[in-house]
Amino acid sequence: MSDKSTITSLKKTALQLRRNLLEMIGIGKVGHLGGSSSLAEIVAALYFHKMKVNRNDPKDGNRDRFLLSKGHAVLIQYAALAELGYFPKSEFAQVKTLAGALQGHPDMKTPGIEAVTGSLGQGLSVGVGMALALRLDKKPNRVYVIMGDGELSEGQLWEAAMSAWKFKVDNLTGIVDCNKLQATGPTREIFEIPDIEKKWKAFGWNVIKINGHKMEEIVAALDKAEKVRGVPTVIIANTVKGKGFSFAEGKAAFHNGSLTEEQFKQAQADLDAMAAAIEKEAAKKPAAKKPADKKAVNAKPAAKKQAGPAAKKPVAAKPAIKKPSGAKPAVKKPAAKKKG
C-alpha cells in the first residue's frame, strides 16, 4: 500500500486534471465534462503512479499502453498528457477545432495516444492484441483499457473478453467506469446489465470492485491486478458522472454539454473547495494508538514448566481404593486341634 504522501500527491494531481478539463471546455463550448471528470482519480493513478511512461519520449518501447475505449472522454487523457509535457497547455484553447492538435476523440497524431478509439466497444479488442504482441516480444509491459458501463452493451467487447480469457492475457487490465449514466439517461433504463461483476466472472476474468474516486482503493486495485497470473483482470470502478462539479454530478445533461459563465465560476469554486479539503486531510495526524488494557499489561504470564533433566517428574496418581460392599466378609473359623 502506498504511503500517505503518495496518496495526497495523486489526489492533487487528479484535482489538477479537473482544472485542465475545465480550461479545455471553458464557457459556451460543448464538451464531455461528465464522463471525463468521473475518470480523474483513475487516470491520475495510472499515468502518475502505476504505468511506466517516459516524459521525454511518448513512444518509448518500454512504456505501458493506455487505451481509452470510451474515447469521447479523451479530454481527461489530454489533461494528463499535458501534465507529462507531451504538448503545451496552450493547446487547450483549440480543443475540438481544426486549428488544434487535440480532437474530440483520440487520434494517433496526438503524442501519447496509442490508438484511434471512440467507436464504442472496440478498445478492448485493440488492448488484447497489444497485450499478446507484448507477450510474443517477451516484454514485461502491461496494457490498460478503460471502458464505460454503457459501452458494455456492445457485442464486440464481450468477444474480446472471451479471447482474453482463452489466451490467458494476464498482462491486460480492464477498468469499467461505472458511472451509471449514458448520453441520454440512466444506463439501467437504456440497456441494463443487472450484475456486471458476475458477468465478468462468468467470462473467466478476475474481478476487483472499488470506489473509483477513493485513491487508496484505486492504487491498491492496480497493484493487486499486476500480480494476478493466468487470467485477465477487470476493475469495476463505481464513480459519479460529473464528479467534482456540484451542478453536474449525476446528471446526463453534462455528458456532452456547455457551461454558462455562472456554471464556470461555480466549477472553479468547487475545485478550490476540493483543494482545501485535500490539504485539510493531509494535515491530519494519524490517530494515536490506544494503550493496551492495564489488566492485560499487568497480568503476569503463566509460569512455564521447567524443561530438561532438572524438571521434577509428575507424581503418579494412586489407584483408587475400592470401598467395601455392604456385605460383611466371612470370618474364617480357626482350625480344630488334633487330640493327642
# chains A, B, ... in the order shown; residues from 1 in each chain; ligands from 1
call {"tool": "residues_around", "arguments": {"residues": "segment 195-200 of chain A", "least_positions_apart": "3", "cutoff": "12 Å", "atoms": "only C-alpha atoms", "output": "NGL selection string"}}
result
:A and (148-153 or 157-162 or 164-165 or 174-178 or 180 or 188 or 192 or 203-210 or 231-238)
call {"tool": "residues_around", "arguments": {"residues": "Ile7 of chain A", "least_positions_apart": "2", "cutoff": "10 Å", "atoms": "only C-alpha atoms", "output": "tab-separated table (two decimals) with C-alpha atoms, in the first residue's frame"}}
result
chain	number	residue	atom	x	y	z
A	1	MET	CA	0.00	0.00	0.00
A	2	SER	CA	1.31	3.47	-0.89
A	3	ASP	CA	2.12	5.91	1.89
A	4	LYS	CA	0.02	8.93	2.78
A	5	SER	CA	2.22	11.42	0.94
A	9	SER	CA	0.12	13.82	-4.25
A	10	LEU	CA	-2.12	11.74	-6.52
A	11	LYS	CA	-5.24	13.45	-5.17
A	12	LYS	CA	-3.69	16.81	-6.01
A	13	THR	CA	-2.84	15.54	-9.49
A	45	ALA	CA	-3.26	6.94	-10.62
A	49	HIS	CA	1.79	6.11	-10.23
A	214	LYS	CA	-11.06	6.80	-3.47
A	215	MET	CA	-7.39	6.99	-4.38
A	216	GLU	CA	-6.29	4.41	-1.80
A	219	VAL	CA	-3.87	2.26	-6.17
A	282	ALA	CA	-3.22	15.81	4.55
call {"tool": "closest_residue", "arguments": {"among": "A:Ser258, A:Thr8, A:Thr173, A:Ser125", "to": "Val228 of chain A", "atoms": "only C-alpha atoms"}}
result
A:Thr173
call {"tool": "closest_residue", "arguments": {"among": "A:Ala93, A:Val169, A:Ala14, A:Thr6", "to": "Leu271 of chain A", "atoms": "only C-alpha atoms"}}
result
A:Ala14
call {"tool": "residues_around", "arguments": {"residues": "Met130 of chain A", "least_positions_apart": "5", "cutoff": "12 Å", "atoms": "only C-alpha atoms", "output": "list in words"}}
result
Asp64, Arg65, Phe66, Leu67, Glu114, Ala115, Gly123, Leu124, Ser125, Arg135, Leu136, Asp137, Lys139, Asn141, Arg142, Val143, Tyr144, Val145, Ala164, Val169, Asn171, Leu172 and Thr173 of chain A
call {"tool": "select_by_dssp", "arguments": {"residues": "segment 176-250 of chain A", "states": "alpha helix (DSSP H)", "output": "PDB file with C-alpha atoms, in the first residue's frame"}}
result
ATOM      1  CA  THR A 187     -27.769   3.074 -18.112  1.00  0.00           C
ATOM      2  CA  ARG A 188     -30.242   0.754 -16.359  1.00  0.00           C
ATOM      3  CA  GLU A 189     -33.098   2.238 -18.391  1.00  0.00           C
ATOM      4  CA  ILE A 190     -31.313   2.078 -21.744  1.00  0.00           C
ATOM      5  CA  PHE A 191     -29.610  -1.328 -21.630  1.00  0.00           C
ATOM      6  CA  ILE A 196     -21.696  -6.513 -14.011  1.00  0.00           C
ATOM      7  CA  GLU A 197     -19.395  -8.259 -11.537  1.00  0.00           C
ATOM      8  CA  LYS A 198     -20.968 -11.688 -12.134  1.00  0.00           C
ATOM      9  CA  LYS A 199     -20.944 -11.071 -15.886  1.00  0.00           C
ATOM     10  CA  TRP A 200     -17.166 -10.590 -15.975  1.00  0.00           C
ATOM     11  CA  LYS A 201     -16.596 -13.528 -13.644  1.00  0.00           C
ATOM     12  CA  ALA A 202     -18.689 -15.716 -15.969  1.00  0.00           C
ATOM     13  CA  MET A 215      -7.386   6.986  -4.378  1.00  0.00           C
ATOM     14  CA  GLU A 216      -6.287   4.409  -1.803  1.00  0.00           C
ATOM     15  CA  GLU A 217      -8.624   1.812  -3.331  1.00  0.00           C
ATOM     16  CA  ILE A 218      -7.585   2.631  -6.904  1.00  0.00           C
ATOM     17  CA  VAL A 219      -3.872   2.258  -6.173  1.00  0.00           C
ATOM     18  CA  ALA A 220      -4.392  -0.965  -4.210  1.00  0.00           C
ATOM     19  CA  ALA A 221      -6.512  -2.449  -7.018  1.00  0.00           C
ATOM     20  CA  LEU A 222      -3.946  -1.606  -9.698  1.00  0.00           C
ATOM     21  CA  ASP A 223      -1.171  -3.116  -7.588  1.00  0.00           C
ATOM     22  CA  LYS A 224      -3.229  -6.253  -6.990  1.00  0.00           C
ATOM     23  CA  ALA A 225      -4.146  -6.663 -10.669  1.00  0.00           C
ATOM     24  CA  GLU A 226      -0.481  -6.592 -11.635  1.00  0.00           C
ATOM     25  CA  LYS A 227       0.196  -9.689  -9.524  1.00  0.00           C
TER      26      LYS A 227
END
call {"tool": "atom_distance", "arguments": {"atom1": "atom CA of Gly250 of chain A", "atom2": "atom CA of Glu23 of chain A"}}
result
21.1 Å
call {"tool": "select_by_dssp", "arguments": {"residues": "segment 26-164 of chain A", "states": "strand (DSSP E)", "output": "JSON, numbers by chain"}}
result
{"A": [65, 66, 67, 68, 143, 144, 145, 146, 147, 148]}
call {"tool": "write_last_selection", "arguments": {"atoms": "N, CA and C atoms", "output": "compact mmCIF listing (two decimals), in the first residue's frame"}}
result
# COMPACT_ATOMS: atom_id res chain seq x y z
N ARG A 65 0.91 0.55 -22.05
CA ARG A 65 -0.06 1.11 -23.00
C ARG A 65 -1.37 1.46 -22.31
N PHE A 66 -1.92 2.60 -22.69
CA PHE A 66 -3.20 3.05 -22.16
C PHE A 66 -4.17 3.28 -23.32
N LEU A 67 -5.35 2.65 -23.22
CA LEU A 67 -6.37 2.82 -24.25
C LEU A 67 -7.66 3.30 -23.61
N LEU A 68 -8.19 4.38 -24.13
CA LEU A 68 -9.46 4.90 -23.65
C LEU A 68 -10.53 4.46 -24.64
N VAL A 143 -0.95 -3.51 -20.42
CA VAL A 143 -1.92 -2.73 -21.18
C VAL A 143 -3.12 -2.44 -20.28
N TYR A 144 -3.58 -1.20 -20.30
CA TYR A 144 -4.73 -0.78 -19.50
C TYR A 144 -5.80 -0.23 -20.45
N VAL A 145 -7.02 -0.74 -20.30
CA VAL A 145 -8.13 -0.31 -21.16
C VAL A 145 -9.29 0.17 -20.29
N ILE A 146 -9.71 1.43 -20.49
CA ILE A 146 -10.86 1.97 -19.77
C ILE A 146 -12.09 1.91 -20.65
N MET A 147 -13.16 1.34 -20.10
CA MET A 147 -14.43 1.22 -20.80
C MET A 147 -15.52 1.90 -19.98
N GLY A 148 -16.61 2.26 -20.62
CA GLY A 148 -17.75 2.81 -19.91
C GLY A 148 -18.75 1.71 -19.60
call {"tool": "atom_distance", "arguments": {"atom1": "atom CA of Ala252 of chain A", "atom2": "atom CA of Gly35 of chain A"}}
result
9.5 Å
call {"tool": "residues_around", "arguments": {"residues": "Ile27 of chain A", "least_positions_apart": "4", "cutoff": "10 Å", "atoms": "only C-alpha atoms", "output": "list of chain:residue names"}}
result
A:Leu22, A:Glu23, A:Ser258, A:Leu259, A:Thr260, A:Glu261, A:Glu262, A:Gln263, A:Phe264, A:Lys265
call {"tool": "write_last_selection", "arguments": {"atoms": "C-alpha atoms", "output": "compact mmCIF listing (two decimals), in the first residue's frame"}}
result
# COMPACT_ATOMS: atom_id res chain seq x y z
CA LEU A 22 -12.37 22.93 -17.10
CA GLU A 23 -9.90 25.08 -19.05
CA SER A 258 -21.66 23.53 -22.48
CA LEU A 259 -21.14 25.70 -19.41
CA THR A 260 -22.65 29.08 -18.71
CA GLU A 261 -20.46 31.77 -17.16
CA GLU A 262 -22.19 31.15 -13.83
CA GLN A 263 -21.54 27.41 -14.02
CA PHE A 264 -17.90 28.02 -14.97
CA LYS A 265 -17.41 30.19 -11.87
call {"tool": "closest_residue", "arguments": {"among": "A:Gly257, A:Gly31, A:Pro140, A:Gly244", "to": "Asp272 of chain A", "atoms": "only C-alpha atoms"}}
result
A:Gly244
call {"tool": "atom_distance", "arguments": {"atom1": "atom CA of Gly118 of chain A", "atom2": "atom CA of Arg229 of chain A"}}
result
29.6 Å
